[in-house]
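These notes concern the structure reproduced below.
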Amino acid sequence: MSWWPFSGKSSKDKLKDRLKVVLAYDRAHLSPGLVDSLKKDLLDVLKRYFPEEEGLEIHVETIDDKMKLQADVPIRQ
Amino acid sequence: MNARAIVVTSGKGGVGKTTTTANVGAALAKLGEKVAVIDVDVGLRNLDVVMGLEGRVVYDLIDVIEGRCKLRQALIRDKRLEGLTLLPASQTKDKEALDPEKFRQMVQVLLSEEGFDRVLIDSPAGIEKGFQTAATPAEGALVVVNPEVSSVRDADRIIGMLEAREVRENYLVINRLRPKMVAKGDMLSVDDVVEILGAKPIGIVPEDEGVLISSNKGEPLVLSNGSLAGKAFLEIAQRIRGENVPLAAPAESQGFMGTLRRLLGGR
Ligand SMILES: Nc1ncnc2c1ncn2[C@@H]1O[C@H](COP(=O)(O)OP(=O)(O)O)[C@@H](O)[C@H]1O
Ligand SMILES: [Mg+2]
């Protein structure tokens, strides 16, 4: 239960998180494995262009029923 | 709902489509509508036994579609409930035999010439041809979902397909809810399901052994006792008719003692 801070997530909260991710992929007609390899490829490309940069990151965010692929590319000045 | 032709569907099998069709159909009839319930699960006929009308089946849907009998000859009027009529599926023929366009026309005839107020279509499981055909005449849908992982996922898929078919008046029937498990955090709540699927609920049906007993007897719940599930199905029918019946999840908080138990027992 959510009122009890130490008990961790209930099984239904875990299910809810999983379902949200699964449905986002379903709705986007994407398979999670495909997105994973897309992430790897994108990272490789980014590393080619920004070989010096640390902390390049690609992540998938789901907001409501929309899915967003985000690249974090810190660029040093 | 404005929709007069309503498909009852779910994607996943065994979640309560046939139960919902039988009971909401009976409830609508009880409220005074002239209702036809149609079994489109060709090859797996079930609505007839759940409603207790199996002994009166002579002709079926495919016989009508293929012109072996007149529409009226295949319609079975429920003698216990004025206004309730069943059109059974074929148990033997191939499901390919059901032509979607002819099926649409037949539903149209029921609504415009045979004087039915409402047609409920019990869809087969799956997302393929059987479901697609069942959805062809539909203007709206009752998407039956259990608060459980695969059912919710399949419901999402079905809702997407309904929208793609331009079936727009889609509502969730959340079936087999177990309030105690919800209270313990071990089952998705009504709010969770609604949030995840982004669709409107039209009814919440608790897990109720009365459902099985009523199918055993072939007596729709709304005909007999005041079971919780029977009440839920009646309320769904009222909401379909546009009556303003507040939607309340069945006793999710377990009252004072339940709260106390939770406070003491952790979860
Ligand atoms: N609210 C409920 N409580 C208890 N049992 C239920 C409930 N709804 C459905 N069932 C049972 O679940 C089984 C599957 O239901 P059914 O309506 O045949 O599903 P479907 O048509 O989607 O395959 C049946 O045995 C039915 O009695
Ligand atoms: Mg069924």
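Just so we're on the same page: first chain in the structure tokens is A, next is B, and so on; residues restart at 1 for each chain, and ligands are numbered from 1 in the order they show up.
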Report the closest atom pair, with its distance in Å rounded to one decimal, for each residue of chain B that has an atom no farther than 12 Å from ligand 2; count only C-alpha atoms and all ligand atoms, sort by chain and then rising residue number, and write it as a tab-separated table.
residue	atom	partner	partner_atom_place_in_ligand_line	distance
B:Val8	CA	ligand 2	1 (Mg)	9.5
B:Thr9	CA	ligand 2	1 (Mg)	9.0
B:Ser10	CA	ligand 2	1 (Mg)	9.8
B:Gly11	CA	ligand 2	1 (Mg)	10.8
B:Lys12	CA	ligand 2	1 (Mg)	10.0
B:Gly13	CA	ligand 2	1 (Mg)	7.0
B:Gly14	CA	ligand 2	1 (Mg)	6.6
B:Val15	CA	ligand 2	1 (Mg)	8.2
B:Gly16	CA	ligand 2	1 (Mg)	6.8
B:Lys17	CA	ligand 2	1 (Mg)	5.3
B:Thr18	CA	ligand 2	1 (Mg)	4.2
B:Thr19	CA	ligand 2	1 (Mg)	7.4
B:Thr20	CA	ligand 2	1 (Mg)	9.2
B:Thr21	CA	ligand 2	1 (Mg)	8.8
B:Ala22	CA	ligand 2	1 (Mg)	10.1
B:Ile38	CA	ligand 2	1 (Mg)	11.3
B:Asp39	CA	ligand 2	1 (Mg)	8.4
B:Val40	CA	ligand 2	1 (Mg)	9.1
B:Asp41	CA	ligand 2	1 (Mg)	7.0
B:Val42	CA	ligand 2	1 (Mg)	10.4
B:Gly43	CA	ligand 2	1 (Mg)	11.2
B:Leu44	CA	ligand 2	1 (Mg)	8.0
B:Arg45	CA	ligand 2	1 (Mg)	8.0
B:Asn46	CA	ligand 2	1 (Mg)	6.4
B:Leu47	CA	ligand 2	1 (Mg)	7.1
B:Asp48	CA	ligand 2	1 (Mg)	10.6
B:Val49	CA	ligand 2	1 (Mg)	10.9
B:Val50	CA	ligand 2	1 (Mg)	9.5
B:Ala89	CA	ligand 2	1 (Mg)	11.1
B:Ile121	CA	ligand 2	1 (Mg)	10.7
B:Asp122	CA	ligand 2	1 (Mg)	6.9
B:Ser123	CA	ligand 2	1 (Mg)	7.1
B:Pro124	CA	ligand 2	1 (Mg)	6.1
B:Ala125	CA	ligand 2	1 (Mg)	7.2
B:Gly126	CA	ligand 2	1 (Mg)	11.0
B:Gly130	CA	ligand 2	1 (Mg)	12.0
B:Phe131	CA	ligand 2	1 (Mg)	11.5
B:Val144	CA	ligand 2	1 (Mg)	11.0
ask   = Within 12 Å of chain A, which residues of chain B show up when using only C-alpha atoms, listed as number ranges by chain?
value = B: 147-161, 181-199, 259, 262-267
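Considering only chain A, backbone DSSP assigns strand (DSSP E) to Glu57, Ile58, His59, Val60, Glu61, Thr62, Ile63, Lys66, Met67, Lys68, Leu69, Gln70, Ala71 and Asp72 of chain A.
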inquiry  = Using Å and a single decimal, report how far atom CA of B:Glu54 sits from atom CA of B:Glu235.
reply    = 26.7 Å
message = Please list as a list in words every residue within 12 Å of A:Val45, counting only C-alpha atoms and excluding residues in the same chain fewer than 5 positions away.
response = Leu38, Lys39, Lys40, Phe50, Pro51, Leu56, Glu57, Ile58, Ala71 and Val73 of chain A
The selected residues should be written to file as a tab-separated table (two decimals), in the first residue's frame (atoms: all heavy atoms).
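What ended up in result_18.tsv:
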chain	number	residue	atom	x	y	z
A	38	LEU	N	18.24	0.13	-31.66
A	38	LEU	CA	18.24	1.50	-32.18
A	38	LEU	C	19.03	2.41	-31.24
A	38	LEU	O	19.85	3.23	-31.67
A	38	LEU	CB	16.80	2.01	-32.33
A	38	LEU	CG	16.62	3.51	-32.61
A	38	LEU	CD1	17.22	3.89	-33.96
A	38	LEU	CD2	15.14	3.91	-32.58
A	39	LYS	N	18.80	2.23	-29.95
A	39	LYS	CA	19.52	3.02	-28.96
A	39	LYS	C	21.02	2.82	-29.08
A	39	LYS	O	21.79	3.78	-29.05
A	39	LYS	CB	19.05	2.63	-27.54
A	39	LYS	CG	17.89	3.48	-27.05
A	39	LYS	CD	17.11	2.86	-25.91
A	39	LYS	CE	17.84	2.67	-24.63
A	39	LYS	NZ	16.92	2.12	-23.58
A	40	LYS	N	21.40	1.56	-29.22
A	40	LYS	CA	22.85	1.26	-29.35
A	40	LYS	C	23.43	1.92	-30.59
A	40	LYS	O	24.49	2.55	-30.53
A	40	LYS	CB	23.07	-0.25	-29.41
A	40	LYS	CG	22.97	-0.92	-28.05
A	40	LYS	CD	23.71	-2.27	-28.04
A	40	LYS	CE	23.34	-3.07	-26.80
A	40	LYS	NZ	22.09	-3.87	-26.98
A	50	PHE	N	30.95	12.91	-31.21
A	50	PHE	CA	31.39	13.54	-29.97
A	50	PHE	C	32.27	12.58	-29.17
A	50	PHE	O	31.89	12.12	-28.11
A	50	PHE	CB	30.18	13.94	-29.11
A	50	PHE	CG	29.21	14.83	-29.82
A	50	PHE	CD1	28.06	14.31	-30.41
A	50	PHE	CD2	29.43	16.21	-29.90
A	50	PHE	CE1	27.16	15.13	-31.08
A	50	PHE	CE2	28.53	17.03	-30.56
A	50	PHE	CZ	27.39	16.50	-31.16
A	51	PRO	N	33.45	12.31	-29.71
A	51	PRO	CA	34.28	11.28	-29.08
A	51	PRO	C	34.73	11.68	-27.68
A	51	PRO	O	35.02	10.83	-26.86
A	51	PRO	CB	35.47	11.14	-30.03
A	51	PRO	CG	35.47	12.36	-30.87
A	51	PRO	CD	34.08	12.91	-30.89
A	56	LEU	N	26.90	10.62	-22.71
A	56	LEU	CA	25.91	10.53	-23.78
A	56	LEU	C	24.85	9.51	-23.37
A	56	LEU	O	25.19	8.44	-22.87
A	56	LEU	CB	26.55	10.07	-25.08
A	56	LEU	CG	27.58	11.01	-25.71
A	56	LEU	CD1	28.24	10.32	-26.89
A	56	LEU	CD2	26.88	12.28	-26.17
A	57	GLU	N	23.63	9.86	-23.58
A	57	GLU	CA	22.59	8.93	-23.13
A	57	GLU	C	21.37	8.98	-24.05
A	57	GLU	O	20.98	10.04	-24.52
A	57	GLU	CB	22.11	9.34	-21.73
A	57	GLU	CG	22.52	8.36	-20.64
A	57	GLU	CD	22.06	8.88	-19.30
A	57	GLU	OE1	20.84	8.89	-19.07
A	57	GLU	OE2	22.93	9.29	-18.50
A	58	ILE	N	20.81	7.82	-24.27
A	58	ILE	CA	19.55	7.76	-25.01
A	58	ILE	C	18.54	7.06	-24.11
A	58	ILE	O	18.83	5.99	-23.57
A	58	ILE	CB	19.68	6.90	-26.29
A	58	ILE	CG1	20.88	7.34	-27.11
A	58	ILE	CG2	18.38	6.90	-27.06
A	58	ILE	CD1	20.58	8.23	-28.25
A	71	ALA	N	17.60	11.86	-26.61
A	71	ALA	CA	19.05	11.78	-26.58
A	71	ALA	C	19.58	12.90	-25.70
A	71	ALA	O	19.17	14.06	-25.84
A	71	ALA	CB	19.61	11.91	-27.99
A	73	VAL	N	22.80	14.84	-25.00
A	73	VAL	CA	24.14	15.04	-25.55
A	73	VAL	C	24.75	16.31	-24.94
A	73	VAL	O	24.54	17.40	-25.45
A	73	VAL	CB	24.10	15.16	-27.09
A	73	VAL	CG1	25.51	15.19	-27.65
A	73	VAL	CG2	23.30	14.03	-27.70
key: Polymer residues at most 12 Å from B:Val64, only C-alpha atoms, same-chain spacing of 3 or more positions, as a PyMOL selection string   = chain B and resi 58-61+67-75+87-90+97-99+102-103+105-107
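Shortest separation to ligand 1 among B:Ile240, B:Val245, B:Val24, B:Leu31 occurs at residue B:Val24, atoms counted being only C-alpha atoms and all ligand atoms.
With only C-alpha atoms taken into account, the protein and nucleic acid residues at most 9 Å from B:Glu219 (excluding it and anything under 5 positions from it in its own chain) are Val50, Met51, Gly52, Ile213, Ser214 and Ser224 of chain B.
Residue neighbourhood of B:Gly25, excluding near-sequence residues (fewer than 6 positions): Val35, Ala36, Val37, Leu84, Leu120 and Ala237 of chain B, at 8 Å, using only C-alpha atoms.
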Put those residues in a file: N, CA and C atoms, as a PDB file, in the first residue's frame.
ATOM      1  N   VAL B  35     -34.613  -6.447 -27.480  1.00  0.00           N
ATOM      2  CA  VAL B  35     -33.176  -6.700 -27.679  1.00  0.00           C
ATOM      3  C   VAL B  35     -32.937  -8.004 -28.412  1.00  0.00           C
ATOM      4  N   ALA B  36     -32.032  -7.970 -29.378  1.00  0.00           N
ATOM      5  CA  ALA B  36     -31.555  -9.219 -29.967  1.00  0.00           C
ATOM      6  C   ALA B  36     -30.105  -9.414 -29.552  1.00  0.00           C
ATOM      7  N   VAL B  37     -29.798 -10.590 -28.999  1.00  0.00           N
ATOM      8  CA  VAL B  37     -28.400 -10.922 -28.714  1.00  0.00           C
ATOM      9  C   VAL B  37     -27.958 -11.937 -29.759  1.00  0.00           C
ATOM     10  N   LEU B  84     -36.673 -10.172 -25.114  1.00  0.00           N
ATOM     11  CA  LEU B  84     -35.330 -10.736 -25.282  1.00  0.00           C
ATOM     12  C   LEU B  84     -35.337 -11.840 -26.334  1.00  0.00           C
ATOM     13  N   LEU B 120     -27.083  -6.725 -29.454  1.00  0.00           N
ATOM     14  CA  LEU B 120     -25.793  -6.982 -28.805  1.00  0.00           C
ATOM     15  C   LEU B 120     -25.107  -8.146 -29.513  1.00  0.00           C
ATOM     16  N   ALA B 237     -26.869  -1.822 -18.095  1.00  0.00           N
ATOM     17  CA  ALA B 237     -27.985  -1.618 -19.017  1.00  0.00           C
ATOM     18  C   ALA B 237     -28.601  -0.227 -18.824  1.00  0.00           C
TER      19      ALA B 237
END
query = stretch 4-76 of chain A: which residues are helix (DSSP H, G or I) by DSSP, as a PyMOL selection string?
reply = chain A and resi 11-27+32-49
